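File shown: work.tsv (TSV, C-alpha atoms).
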chain	number	residue	atom	x	y	z
F	350	MET	CA	-4.93	-25.24	-10.22
F	351	LYS	CA	-4.44	-24.22	-13.84
F	352	GLU	CA	-4.83	-20.59	-12.80
F	353	ILE	CA	-1.70	-20.62	-10.61
F	354	PRO	CA	0.81	-19.47	-13.28
F	355	ALA	CA	-1.52	-16.66	-14.33
F	356	LEU	CA	-1.99	-15.59	-10.69
F	357	VAL	CA	1.79	-15.44	-10.22
F	358	ARG	CA	2.29	-13.39	-13.39
F	359	VAL	CA	-0.53	-10.96	-12.72
F	360	PHE	CA	0.22	-10.26	-9.08
F	361	ALA	CA	4.00	-10.07	-9.50
F	362	TYR	CA	3.40	-7.50	-12.27
F	363	LEU	CA	0.86	-5.56	-10.20
F	364	SER	CA	3.27	-5.47	-7.28
F	365	LEU	CA	5.78	-3.42	-9.28
F	366	LEU	CA	3.11	-0.82	-10.06
F	367	THR	CA	2.32	-0.07	-6.42
F	368	VAL	CA	4.35	3.13	-6.35
F	369	GLY	CA	3.04	5.27	-3.51
F	370	GLY	CA	0.50	2.63	-2.46
F	371	GLY	CA	-1.68	-0.22	-3.61
F	372	MET	CA	-4.28	2.00	-5.27
F	373	ALA	CA	-1.80	2.88	-8.03
F	374	ALA	CA	-2.15	-0.66	-9.35
F	375	PHE	CA	-5.96	-0.65	-9.20
F	376	PRO	CA	-6.74	0.26	-12.86
F	377	GLU	CA	-4.42	-2.50	-14.04
F	378	MET	CA	-5.79	-4.88	-11.41
F	379	LYS	CA	-9.29	-4.28	-12.76
F	380	ILE	CA	-8.21	-5.00	-16.36
F	381	LEU	CA	-6.24	-8.14	-15.50
F	382	THR	CA	-8.37	-9.80	-12.82
F	383	VAL	CA	-11.80	-8.81	-14.18
F	384	GLU	CA	-11.52	-8.32	-17.94
F	385	VAL	CA	-8.66	-10.64	-18.90
F	386	HIS	CA	-8.88	-13.53	-16.43
F	387	HIS	CA	-12.48	-13.29	-15.14
F	388	TRP	CA	-11.50	-14.28	-11.61
F	389	LEU	CA	-14.21	-11.95	-10.29
F	390	THR	CA	-16.58	-9.19	-11.43
F	391	PHE	CA	-15.88	-5.48	-11.17
F	392	PRO	CA	-18.48	-4.94	-8.39
F	393	GLN	CA	-16.89	-7.83	-6.47
F	394	LEU	CA	-13.45	-6.27	-6.85
F	395	VAL	CA	-14.76	-2.94	-5.60
F	396	HIS	CA	-16.48	-4.65	-2.65
F	397	LEU	CA	-13.43	-6.69	-1.67
F	398	TYR	CA	-11.15	-3.67	-1.85
F	399	SER	CA	-13.54	-1.62	0.30
F	400	VAL	CA	-13.98	-4.30	2.94
F	401	GLY	CA	-10.19	-4.67	2.94
F	402	GLN	CA	-9.92	-1.08	4.14
F	403	MET	CA	-11.48	-2.17	7.43
F	404	ALA	CA	-9.02	-5.01	7.97
F	405	PRO	CA	-5.83	-4.37	9.98
F	406	GLY	CA	-2.38	-4.59	8.42
F	407	PRO	CA	-1.43	-3.84	4.80
F	408	ASN	CA	-4.50	-2.44	3.01
F	409	MET	CA	-4.17	-4.75	-0.01
F	410	MET	CA	-4.73	-8.08	1.76
F	411	MET	CA	-7.96	-8.41	-0.23
F	412	ILE	CA	-5.80	-10.02	-2.92
F	413	VAL	CA	-5.92	-13.16	-0.75
F	414	ALA	CA	-9.63	-13.51	-1.53
F	415	ILE	CA	-9.01	-13.19	-5.29
F	416	GLY	CA	-6.35	-15.90	-5.10
F	417	GLU	CA	-8.65	-18.17	-3.09
F	418	TRP	CA	-11.53	-17.74	-5.53
F	419	ALA	CA	-9.31	-18.45	-8.52
F	420	ALA	CA	-7.36	-21.43	-7.16
F	421	GLY	CA	-8.25	-22.30	-3.57
F	422	ILE	CA	-5.96	-21.99	-0.55
F	423	LEU	CA	-2.88	-22.55	-2.69
F	424	GLY	CA	-4.00	-19.66	-4.89
F	425	ALA	CA	-4.30	-17.43	-1.81
F	426	ILE	CA	-0.75	-18.25	-0.70
F	427	VAL	CA	0.69	-17.89	-4.20
F	428	VAL	CA	-0.92	-14.48	-4.65
F	429	VAL	CA	0.59	-13.15	-1.41
F	430	ILE	CA	4.08	-14.35	-2.33
F	431	ALA	CA	3.79	-13.01	-5.89
F	432	PHE	CA	2.44	-9.65	-4.75
F	433	PHE	CA	4.87	-9.00	-1.90
F	434	GLY	CA	7.91	-10.99	-3.08
F	435	PRO	CA	9.35	-8.81	-5.86
F	436	THR	CA	8.96	-5.49	-4.05
F	437	SER	CA	10.25	-6.97	-0.78
F	438	LEU	CA	13.38	-8.24	-2.49
F	439	LEU	CA	13.93	-4.88	-4.16
F	440	THR	CA	13.40	-3.09	-0.84
F	441	LEU	CA	15.84	-5.40	0.92
F	442	LEU	CA	18.54	-4.75	-1.68
F	443	VAL	CA	18.02	-1.00	-1.89
F	444	GLY	CA	17.84	-0.80	1.90
F	445	ARG	CA	21.29	-2.32	2.14
F	446	LEU	CA	22.72	-0.08	-0.60
F	447	TRP	CA	21.02	3.04	0.73
F	448	ASN	CA	24.07	4.57	2.38
F	449	ARG	CA	25.79	4.63	-0.98
F	450	LEU	CA	22.67	5.77	-2.80
F	451	GLU	CA	22.15	8.63	-0.40
F	452	LYS	CA	25.00	10.58	-1.96
F	453	TRP	CA	23.90	9.77	-5.50
F	454	PRO	CA	22.59	13.09	-6.90
F	455	TRP	CA	19.85	11.44	-8.98
F	456	ARG	CA	18.24	9.89	-5.91
F	457	LYS	CA	16.64	13.19	-4.95
F	458	SER	CA	15.57	13.77	-8.57
F	459	ILE	CA	13.85	10.38	-8.69
F	460	GLN	CA	12.15	11.04	-5.36
F	461	GLU	CA	10.94	14.48	-6.45
F	462	GLY	CA	9.87	13.14	-9.84
F	463	LEU	CA	7.97	10.14	-8.48
F	464	ALA	CA	6.05	12.15	-5.85
F	465	PRO	CA	3.59	13.76	-8.32
F	466	VAL	CA	3.38	10.57	-10.41
F	467	SER	CA	2.43	8.48	-7.39
F	468	ILE	CA	-0.29	10.96	-6.41
F	469	GLY	CA	-1.52	10.96	-10.01
F	470	LEU	CA	-1.64	7.15	-9.98
F	471	LEU	CA	-3.48	7.18	-6.64
F	472	LEU	CA	-6.12	9.53	-8.09
F	473	ALA	CA	-6.33	7.58	-11.36
F	474	GLY	CA	-6.91	4.42	-9.30
F	475	CYS	CA	-9.49	6.25	-7.23
F	476	PHE	CA	-11.41	7.39	-10.31
F	477	THR	CA	-11.42	3.87	-11.76
F	478	PHE	CA	-12.62	2.59	-8.40
F	479	ALA	CA	-15.26	5.31	-8.07
F	480	ARG	CA	-16.86	4.24	-11.34
F	481	GLY	CA	-17.87	1.06	-9.55
F	482	ALA	CA	-18.55	2.58	-6.14
F	483	VAL	CA	-20.26	5.93	-6.74
F	484	THR	CA	-23.39	5.09	-8.66
F	485	GLY	CA	-25.86	7.76	-7.59
F	486	LEU	CA	-26.56	10.69	-5.32
F	487	ASP	CA	-26.68	8.47	-2.20
F	488	THR	CA	-23.23	6.97	-2.67
F	489	ALA	CA	-21.77	10.31	-3.80
F	490	THR	CA	-23.02	11.86	-0.56
F	491	ILE	CA	-21.36	9.14	1.53
F	492	ALA	CA	-18.07	9.54	-0.42
F	493	VAL	CA	-17.96	13.33	-0.08
F	494	GLY	CA	-19.08	13.14	3.55
F	495	THR	CA	-16.30	10.68	4.39
F	496	LEU	CA	-13.74	12.87	2.62
F	497	LEU	CA	-14.79	16.02	4.46
F	498	ILE	CA	-14.91	14.33	7.87
F	499	LEU	CA	-11.45	12.79	7.37
F	500	LEU	CA	-9.94	16.10	6.27
F	501	LYS	CA	-11.46	17.97	9.20
F	502	TYR	CA	-11.25	15.53	12.10
F	503	LYS	CA	-8.68	13.03	13.30
F	504	ILE	CA	-10.83	9.92	13.34
F	505	ASN	CA	-10.06	6.28	12.56
F	506	PRO	CA	-11.14	5.74	8.92
F	507	ALA	CA	-12.19	2.15	9.73
F	508	LEU	CA	-14.94	3.56	11.96
F	509	LEU	CA	-16.26	5.74	9.13
F	510	VAL	CA	-16.26	2.81	6.71
F	511	LEU	CA	-18.16	0.80	9.34
F	512	ALA	CA	-20.64	3.65	9.79
F	513	ALA	CA	-21.16	3.69	6.01
F	514	ALA	CA	-21.97	-0.02	6.15
F	515	ILE	CA	-24.65	0.70	8.76
F	516	ILE	CA	-26.05	3.57	6.67
F	517	GLY	CA	-26.16	1.20	3.72
F	518	ALA	CA	-27.98	-1.42	5.80
F	519	LEU	CA	-30.49	1.11	7.14
F	520	SER	CA	-31.29	2.49	3.70
F	521	PHE	CA	-31.98	-1.06	2.54
E	1152	MET	CA	14.84	-19.45	16.60
E	1153	SER	CA	17.12	-20.66	19.40
E	1154	GLU	CA	20.18	-19.78	17.36
E	1155	ALA	CA	18.94	-16.25	16.95
E	1156	THR	CA	18.15	-15.74	20.62
E	1157	THR	CA	21.58	-16.85	21.77
E	1158	THR	CA	23.51	-14.61	19.36
E	1159	PRO	CA	25.36	-12.04	21.48
E	1160	ALA	CA	24.25	-8.47	21.06
E	1161	VAL	CA	27.77	-7.35	20.24
E	1162	GLN	CA	27.49	-8.85	16.79
E	1163	MET	CA	24.69	-6.52	15.84
E	1164	PRO	CA	26.15	-3.01	15.91
E	1165	VAL	CA	23.73	-1.80	13.21
E	1166	VAL	CA	21.04	-0.96	15.74
E	1167	ALA	CA	21.22	2.63	16.85
E	1168	SER	CA	19.88	2.11	20.36
E	1169	ALA	CA	21.93	0.50	23.09
E	1170	THR	CA	19.32	-2.14	23.88
E	1171	THR	CA	19.82	-5.80	22.99
E	1172	PRO	CA	18.47	-6.48	19.50
E	1173	PRO	CA	15.30	-8.55	19.61
E	1174	SER	CA	15.17	-12.18	18.56
E	1175	VAL	CA	13.50	-13.27	15.33
E	1176	LEU	CA	10.57	-14.54	17.39
E	1177	GLN	CA	10.23	-11.21	19.19
E	1178	ILE	CA	10.24	-9.42	15.83
E	1179	PHE	CA	7.56	-11.76	14.52
E	1180	VAL	CA	5.35	-11.29	17.58
E	1181	GLU	CA	5.68	-7.50	17.53
E	1182	PHE	CA	4.79	-7.25	13.84
E	1183	LEU	CA	1.98	-9.75	14.34
E	1184	LEU	CA	0.53	-7.45	17.00
E	1185	ILE	CA	0.81	-4.44	14.69
E	1186	GLY	CA	-0.63	-6.47	11.82
E	1187	ALA	CA	-3.57	-7.46	14.00
E	1188	THR	CA	-4.37	-4.07	15.54
E	1189	SER	CA	-3.63	-1.43	12.89
E	1190	PHE	CA	-7.24	-0.86	11.89
E	1191	GLY	CA	-8.01	1.94	9.49
E	1192	GLY	CA	-4.75	2.07	7.59
E	1193	GLY	CA	-1.98	4.42	8.66
E	1194	VAL	CA	0.15	1.41	9.60
E	1195	VAL	CA	3.23	3.67	9.69
E	1196	ALA	CA	1.95	5.45	12.79
E	1197	TYR	CA	1.38	2.09	14.51
E	1198	LEU	CA	4.89	0.99	13.50
E	1199	ARG	CA	6.50	4.11	14.90
E	1200	ASN	CA	4.55	3.86	18.13
E	1201	SER	CA	5.56	0.26	18.60
E	1202	LEU	CA	9.15	0.14	17.31
E	1203	VAL	CA	10.42	3.54	18.39
E	1204	THR	CA	8.31	4.53	21.39
E	1205	LYS	CA	7.39	1.22	23.04
E	1206	ARG	CA	10.30	-1.09	22.19
E	1207	ALA	CA	13.10	1.37	21.37
E	1208	TRP	CA	14.43	-1.02	18.73
E	1209	LEU	CA	15.01	1.97	16.46
E	1210	ASP	CA	15.57	5.66	17.08
E	1211	ASP	CA	13.44	8.25	15.33
E	1212	LYS	CA	16.17	9.18	12.89
E	1213	SER	CA	16.58	5.61	11.62
E	1214	PHE	CA	12.81	5.22	11.45
E	1215	VAL	CA	12.42	8.30	9.25
E	1216	GLU	CA	15.32	7.16	7.08
E	1217	LEU	CA	13.77	3.72	6.56
E	1218	LEU	CA	10.41	5.34	5.83
E	1219	ALA	CA	12.06	7.46	3.11
E	1220	ILE	CA	13.39	4.28	1.48
E	1221	SER	CA	9.97	2.60	1.74
E	1222	GLN	CA	8.23	5.53	0.12
E	1223	SER	CA	10.60	5.84	-2.82
E	1224	LEU	CA	10.21	2.20	-3.87
E	1225	PRO	CA	7.27	0.23	-5.26
E	1226	GLY	CA	5.46	-1.81	-2.63
E	1227	LEU	CA	3.23	-0.87	0.26
E	1228	ASN	CA	4.74	1.25	3.01
E	1229	SER	CA	3.64	-1.23	5.65
E	1230	THR	CA	5.34	-4.25	4.06
E	1231	ASN	CA	8.42	-2.36	2.87
E	1232	MET	CA	8.90	-1.05	6.42
E	1233	SER	CA	8.54	-4.58	7.82
E	1234	ILE	CA	11.32	-5.75	5.48
E	1235	LEU	CA	13.65	-2.85	6.25
E	1236	VAL	CA	13.17	-2.89	10.02
E	1237	GLY	CA	13.41	-6.68	10.22
E	1238	ASP	CA	16.60	-6.63	8.12
E	1239	ARG	CA	18.13	-3.92	10.32
E	1240	LEU	CA	17.39	-5.89	13.47
E	1241	ARG	CA	18.11	-9.50	12.45
E	1242	GLY	CA	19.05	-9.72	8.78
E	1243	ILE	CA	17.01	-11.67	6.26
E	1244	SER	CA	15.30	-13.89	8.86
E	1245	GLY	CA	14.25	-10.73	10.71
E	1246	ALA	CA	12.86	-9.27	7.48
E	1247	LEU	CA	10.88	-12.46	6.82
E	1248	ALA	CA	9.58	-12.53	10.39
E	1249	GLY	CA	8.52	-8.88	10.07
E	1250	ILE	CA	6.59	-9.16	6.83
E	1251	LEU	CA	5.02	-12.50	7.81
E	1252	GLY	CA	3.76	-11.08	11.09
E	1253	MET	CA	2.52	-7.95	9.35
E	1254	CYS	CA	0.54	-9.81	6.67
E	1255	LEU	CA	-0.76	-12.82	8.58
E	1256	PRO	CA	-3.68	-11.36	10.60
E	1257	GLY	CA	-5.15	-9.24	7.78
E	1258	GLY	CA	-4.54	-12.04	5.28
E	1259	LEU	CA	-6.39	-14.63	7.37
E	1260	LEU	CA	-9.20	-12.16	8.01
E	1261	MET	CA	-9.59	-11.38	4.30
E	1262	LEU	CA	-9.46	-15.08	3.49
E	1263	GLY	CA	-12.46	-15.53	5.79
E	1264	VAL	CA	-14.19	-12.47	4.38
E	1265	GLY	CA	-13.63	-13.78	0.86
E	1266	LEU	CA	-15.16	-17.17	1.71
E	1267	VAL	CA	-18.22	-15.62	3.36
E	1268	TYR	CA	-18.63	-13.01	0.63
E	1269	HIS	CA	-18.42	-15.65	-2.08
E	1270	GLN	CA	-21.38	-17.47	-0.53
E	1271	HIS	CA	-23.51	-14.64	0.81
E	1272	GLY	CA	-22.28	-11.55	-1.06
E	1273	ASP	CA	-25.33	-11.38	-3.27
E	1274	HIS	CA	-27.81	-11.18	-0.39
E	1275	ALA	CA	-29.70	-7.90	-0.60
E	1276	LEU	CA	-28.62	-6.75	2.88
E	1277	ALA	CA	-24.94	-7.51	2.17
E	1278	THR	CA	-25.15	-5.64	-1.14
E	1279	ALA	CA	-26.70	-2.63	0.58
E	1280	MET	CA	-23.97	-2.56	3.24
E	1281	LEU	CA	-21.18	-3.03	0.68
E	1282	LYS	CA	-22.61	-0.17	-1.35
E	1283	GLY	CA	-22.09	2.13	1.63
E	1284	VAL	CA	-18.67	0.69	2.40
E	1285	ALA	CA	-17.43	1.17	-1.17
E	1286	ALA	CA	-18.65	4.76	-1.26
E	1287	ALA	CA	-16.85	5.52	2.01
E	1288	ALA	CA	-13.70	3.94	0.60
E	1289	VAL	CA	-13.74	6.51	-2.22
E	1290	GLY	CA	-13.78	9.30	0.36
E	1291	LEU	CA	-10.97	7.59	2.25
E	1292	ILE	CA	-8.76	7.27	-0.85
E	1293	LEU	CA	-9.41	10.89	-1.82
E	1294	SER	CA	-8.49	12.10	1.67
E	1295	THR	CA	-5.22	10.16	1.42
E	1296	ALA	CA	-4.51	11.85	-1.92
E	1297	VAL	CA	-5.22	15.30	-0.46
E	1298	GLN	CA	-3.01	14.69	2.58
E	1299	LEU	CA	-0.15	13.28	0.49
E	1300	GLY	CA	-0.49	16.13	-2.00
E	1301	LYS	CA	-0.25	18.76	0.73
E	1302	LYS	CA	2.90	17.12	2.03
E	1303	SER	CA	4.81	16.30	-1.12
E	1304	LEU	CA	3.67	18.59	-3.94
E	1305	GLU	CA	5.79	21.72	-3.80
E	1306	HIS	CA	6.34	22.93	-7.35
E	1307	ALA	CA	3.90	24.19	-9.99
E	1308	ALA	CA	5.17	21.53	-12.41
E	1309	ASP	CA	3.99	18.82	-9.98
E	1310	GLY	CA	0.38	19.75	-10.79
E	1311	VAL	CA	1.04	19.13	-14.47
E	1312	PHE	CA	2.62	15.73	-13.76
E	1313	VAL	CA	-0.35	14.72	-11.58
E	1314	VAL	CA	-2.88	15.70	-14.28
E	1315	VAL	CA	-0.92	14.07	-17.12
E	1316	THR	CA	-0.67	10.85	-15.08
E	1317	ILE	CA	-4.43	10.78	-14.45
E	1318	LEU	CA	-5.26	11.52	-18.09
E	1319	GLY	CA	-2.81	8.89	-19.31
E	1320	VAL	CA	-4.44	6.15	-17.22
E	1321	ASN	CA	-8.11	7.16	-17.21
E	1322	ARG	CA	-8.55	8.96	-20.56
E	1323	LEU	CA	-5.93	7.54	-22.93
E	1324	ARG	CA	-6.27	4.13	-21.22
E	1325	LEU	CA	-2.53	3.56	-21.27
E	1326	SER	CA	-1.23	0.87	-18.95
E	1327	VAL	CA	-0.18	2.03	-15.49
E	1328	LEU	CA	3.33	0.78	-16.27
E	1329	THR	CA	3.61	2.92	-19.42
E	1330	VAL	CA	2.40	6.03	-17.61
E	1331	LEU	CA	4.60	5.35	-14.58
E	1332	VAL	CA	7.74	4.96	-16.69
E	1333	ALA	CA	7.00	7.79	-19.14
E	1334	VAL	CA	5.83	10.49	-16.73
E	1335	GLY	CA	8.25	9.27	-14.05
E	1336	LEU	CA	11.15	9.64	-16.47
E	1337	VAL	CA	10.14	13.13	-17.63
E	1338	ALA	CA	9.51	14.27	-14.05
E	1339	THR	CA	12.84	12.87	-12.86
E	1340	LEU	CA	14.64	14.65	-15.70
E	1341	TRP	CA	12.74	17.83	-14.84
E	1342	TYR	CA	14.15	17.63	-11.31
E	1343	ARG	CA	17.57	16.49	-12.55
E	1344	PRO	CA	20.57	17.30	-10.38
E	1345	ARG	CA	21.89	20.79	-11.01
E	1346	LYS	CA	24.88	22.67	-9.79
E	1347	ALA	CA	24.02	25.65	-7.65
E	1348	GLN	CA	25.65	28.16	-10.03
E	1349	ASP	CA	23.95	26.74	-13.08
E	1350	GLY	CA	22.12	29.99	-13.76
E	1351	GLY	CA	19.55	30.24	-16.54
E	1352	ALA	CA	19.07	26.51	-17.07
E	1353	ASN	CA	16.36	26.28	-14.41
E	1354	PRO	CA	12.96	26.42	-16.13
Let me see whether you can do it: turn the structure in this file into structure tokens.
Amino acid sequence: MKEIPALVRVFAYLSLLTVGGGMAAFPEMKILTVEVHHWLTFPQLVHLYSVGQMAPGPNMMMIVAIGEWAAGILGAIVVVIAFFGPTSLLTLLVGRLWNRLEKWPWRKSIQEGLAPVSIGLLLAGCFTFARGAVTGLDTATIAVGTLLILLKYKINPALLVLAAAIIGALSF
Amino acid sequence: MSEATTTPAVQMPVVASATTPPSVLQIFVEFLLIGATSFGGGVVAYLRNSLVTKRAWLDDKSFVELLAISQSLPGLNSTNMSILVGDRLRGISGALAGILGMCLPGGLLMLGVGLVYHQHGDHALATAMLKGVAAAAVGLILSTAVQLGKKSLEHAADGVFVVVTILGVNRLRLSVLTVLVAVGLVATLWYRPRKAQDGGANP
């Protein structure tokens, strides 16, 4: 219960960092949830995020599990509201003003400027994540294999992640 | 709900198509279906298939326009789109119905996963499977970065901004917010609006 205010602060802050996708916030999520608040360990965060990639819907719903671990069902609900509330409100407002913004010359500049930054943040998040996920030759092979298959073939990524789980189980 | 379903269609001229705008309940159910079936990410494709192709609640032009708004703001594409589409169709209650439907199935599933993982996550078999899953997730994220890069990186300067962003977060250990604001500001100024006849000012 005493973790609720911290959950609200952390996830509302993280929500504003998700430019170009949830992964952009991952390095900060690691610092805040693992190192500052100790709601879970880094391997647990990596595991939850990965399993979340198999779930349908928004690919950051793993935050629900963090909220539940920290403060029960209420924590889970609070985390979802904190994480999606601020950006949803902003989107609602901008969506309604968009017709006016469309003629604003800086809009295109911001869009062009944020495109490389969001890809940089995605990669930075990926590298932080990979430090917990790619630990040896076996996991590196799975990562590179998944990348190459996805770039070459149109296949549902959830199936590949599932296949990797089976490979992991077999190698056990 | 009943109030929303009895509202005459004439009062909602925002919708591009000629069909009757859906009720709040219909919006919720449709997004719930998408939220429950969009396995493997790429929710945008599921949204387009459902909202434009199947239901014709939006035309393609509006869909692309809303997607452009979603992508230029913080927040996930899937939830930002739920807000924008819901708001277009039925105002704020439509937006709430959209995002609630979108998040509910995955949220409940991850709640269950979290509970199970908390109790059994340290079993050797679970650890072995999760090791594979996490490695595959790295490949998945990288493939997203490659595909996005191909689509949206056009200028040589973009490469510099990408590298500086990565170094700022991973090497200098600056907060994501600092890097986002600093590099975002410089990059936006770099692409500042110019008049066509500006001449030599372009770097």
Range 516-520 of chain F surroundings by all atoms listed in the file, 7 Å radius, close-in-sequence under 6 positions cut, as number ranges by chain
E: 1276, 1279-1280, 1282-1283
With the cut-off set at 7 Å and counting only C-alpha atoms, tabulate each residue of range 423-517 of chain F with an atom at most that distance from an atom of range 361-365 of chain F, showing the nearest atom pair and its distance in Å to one decimal, ordered by chain and increasing number, as JSON lines.
{"residue": "F:Ala431", "atom": "CA", "partner": "F:Ala361", "partner_atom": "CA", "distance": 4.7}
{"residue": "F:Phe432", "atom": "CA", "partner": "F:Ser364", "partner_atom": "CA", "distance": 5.0}
{"residue": "F:Phe433", "atom": "CA", "partner": "F:Ser364", "partner_atom": "CA", "distance": 6.6}
{"residue": "F:Pro435", "atom": "CA", "partner": "F:Ala361", "partner_atom": "CA", "distance": 6.6}
{"residue": "F:Thr436", "atom": "CA", "partner": "F:Leu365", "partner_atom": "CA", "distance": 6.5}
Around (-10.6, -14.1, -4.3) in the file's own coordinates, what residues are found within 10 Å if you use all atoms listed in the file, given back as a list in words?
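Residues with an atom at most 10 Å from (-10.6, -14.1, -4.3): Thr382, Trp388, Leu389, Gln393, Leu394, Leu397, Met411, Ile412, Val413, Ala414, Ile415, Gly416, Glu417, Trp418, Ala419, Ala420, Gly421, Ile422, Gly424, Ala425 and Val428 of chain F; Met1261, Leu1262, Val1264, Gly1265, Leu1266, Tyr1268 and His1269 of chain E.
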What does the file look like for those residues with C-alpha atoms, as a short mmCIF file (atom, residue, chain, number, x, y, z; two decimals), in the coordinates of the input?
data_model
loop_
_atom_site.label_atom_id
_atom_site.label_comp_id
_atom_site.auth_asym_id
_atom_site.auth_seq_id
_atom_site.Cartn_x
_atom_site.Cartn_y
_atom_site.Cartn_z
CA THR F 382 -8.37 -9.80 -12.82
CA TRP F 388 -11.50 -14.28 -11.61
CA LEU F 389 -14.21 -11.95 -10.29
CA GLN F 393 -16.89 -7.83 -6.47
CA LEU F 394 -13.45 -6.27 -6.85
CA LEU F 397 -13.43 -6.69 -1.67
CA MET F 411 -7.96 -8.41 -0.23
CA ILE F 412 -5.80 -10.02 -2.92
CA VAL F 413 -5.92 -13.16 -0.75
CA ALA F 414 -9.63 -13.51 -1.53
CA ILE F 415 -9.01 -13.19 -5.29
CA GLY F 416 -6.35 -15.90 -5.10
CA GLU F 417 -8.65 -18.17 -3.09
CA TRP F 418 -11.53 -17.74 -5.53
CA ALA F 419 -9.31 -18.45 -8.52
CA ALA F 420 -7.36 -21.43 -7.16
CA GLY F 421 -8.25 -22.30 -3.57
CA ILE F 422 -5.96 -21.99 -0.55
CA GLY F 424 -4.00 -19.66 -4.89
CA ALA F 425 -4.30 -17.43 -1.81
CA VAL F 428 -0.92 -14.48 -4.65
CA MET E 1261 -9.59 -11.38 4.30
CA LEU E 1262 -9.46 -15.08 3.49
CA VAL E 1264 -14.19 -12.47 4.38
CA GLY E 1265 -13.63 -13.78 0.86
CA LEU E 1266 -15.16 -17.17 1.71
CA TYR E 1268 -18.63 -13.01 0.63
CA HIS E 1269 -18.42 -15.65 -2.08
#
Determine the nearest neighbour of chain F from the options E:Ala1248, E:Met1232, E:Ala1187, E:His1271, counting all atoms listed in the file.
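Result for the nearest residue to chain F: E:Ala1187.
Minimum distance to Pro392 in chain F across F:Leu439, F:Ala512, F:Ala489, F:Ala482 (counting all atoms listed in the file) occurs at F:Ala482.
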If you measure from CA of Pro405 in chain F to CA of Pro506 in chain F, what distance in Å do you get, rounded to one decimal?
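Computing the Euclidean distance for CA of Pro405 in chain F and CA of Pro506 in chain F yields 11.5 Å.
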Determine the nearest neighbour of Leu463 in chain F from the options F:Leu356, F:Lys351, F:Gly369, F:His396, counting only C-alpha atoms.
F:Gly369
For Ala1307 in chain E, the nearest of the candidates E:Ala1287, E:Ser1229, E:Ser1294, E:Trp1341, counting all atoms listed in the file:
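Nearest to Ala1307 in chain E: E:Trp1341.
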Would you mind listing what lies within 12 Å of Thr490 in chain F as a list in words, with all atoms listed in the file counted and same-chain residues fewer than 3 positions away left out?
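With the cut-off at 12 Å, the set is Ala482, Val483, Thr484, Gly485, Leu486, Asp487, Val493, Gly494, Thr495, Leu496, Leu497, Ile498, Ala513, Ile516 and Gly517 of chain F; Gly1283, Ala1286, Ala1287, Val1289 and Gly1290 of chain E.
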Can you write out the residues you just picked, keeping C-alpha atoms, as an mmCIF file, in the frame of the given file?
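Below is the file that was written, result.cif:
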data_model
loop_
_atom_site.group_PDB
_atom_site.id
_atom_site.type_symbol
_atom_site.label_atom_id
_atom_site.label_comp_id
_atom_site.auth_asym_id
_atom_site.auth_seq_id
_atom_site.Cartn_x
_atom_site.Cartn_y
_atom_site.Cartn_z
ATOM 1 C CA ALA F 482 -18.550 2.580 -6.140
ATOM 2 C CA VAL F 483 -20.260 5.930 -6.740
ATOM 3 C CA THR F 484 -23.390 5.090 -8.660
ATOM 4 C CA GLY F 485 -25.860 7.760 -7.590
ATOM 5 C CA LEU F 486 -26.560 10.690 -5.320
ATOM 6 C CA ASP F 487 -26.680 8.470 -2.200
ATOM 7 C CA VAL F 493 -17.960 13.330 -0.080
ATOM 8 C CA GLY F 494 -19.080 13.140 3.550
ATOM 9 C CA THR F 495 -16.300 10.680 4.390
ATOM 10 C CA LEU F 496 -13.740 12.870 2.620
ATOM 11 C CA LEU F 497 -14.790 16.020 4.460
ATOM 12 C CA ILE F 498 -14.910 14.330 7.870
ATOM 13 C CA ALA F 513 -21.160 3.690 6.010
ATOM 14 C CA ILE F 516 -26.050 3.570 6.670
ATOM 15 C CA GLY F 517 -26.160 1.200 3.720
ATOM 16 C CA GLY E 1283 -22.090 2.130 1.630
ATOM 17 C CA ALA E 1286 -18.650 4.760 -1.260
ATOM 18 C CA ALA E 1287 -16.850 5.520 2.010
ATOM 19 C CA VAL E 1289 -13.740 6.510 -2.220
ATOM 20 C CA GLY E 1290 -13.780 9.300 0.360
#
Ref. answer, residues at most 9 Å from (16.2, -5.3, 1.4) with all atoms listed in the file, as a PDB file with C-alpha atoms, in the coordinates of the input:
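To be explicit, this is the file written out as point18.pdb:
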ATOM      1  CA  SER F 437      10.250  -6.970  -0.780  1.00  0.00           C
ATOM      2  CA  LEU F 438      13.380  -8.240  -2.490  1.00  0.00           C
ATOM      3  CA  LEU F 439      13.930  -4.880  -4.160  1.00  0.00           C
ATOM      4  CA  THR F 440      13.400  -3.090  -0.840  1.00  0.00           C
ATOM      5  CA  LEU F 441      15.840  -5.400   0.920  1.00  0.00           C
ATOM      6  CA  LEU F 442      18.540  -4.750  -1.680  1.00  0.00           C
ATOM      7  CA  VAL F 443      18.020  -1.000  -1.890  1.00  0.00           C
ATOM      8  CA  GLY F 444      17.840  -0.800   1.900  1.00  0.00           C
ATOM      9  CA  ARG F 445      21.290  -2.320   2.140  1.00  0.00           C
ATOM     10  CA  LEU F 446      22.720  -0.080  -0.600  1.00  0.00           C
TER      11      LEU F 446
ATOM     12  CA  ASN E1231       8.420  -2.360   2.870  1.00  0.00           C
ATOM     13  CA  ILE E1234      11.320  -5.750   5.480  1.00  0.00           C
ATOM     14  CA  LEU E1235      13.650  -2.850   6.250  1.00  0.00           C
ATOM     15  CA  ASP E1238      16.600  -6.630   8.120  1.00  0.00           C
ATOM     16  CA  ILE E1243      17.010 -11.670   6.260  1.00  0.00           C
ATOM     17  CA  ALA E1246      12.860  -9.270   7.480  1.00  0.00           C
TER      18      ALA E1246
END
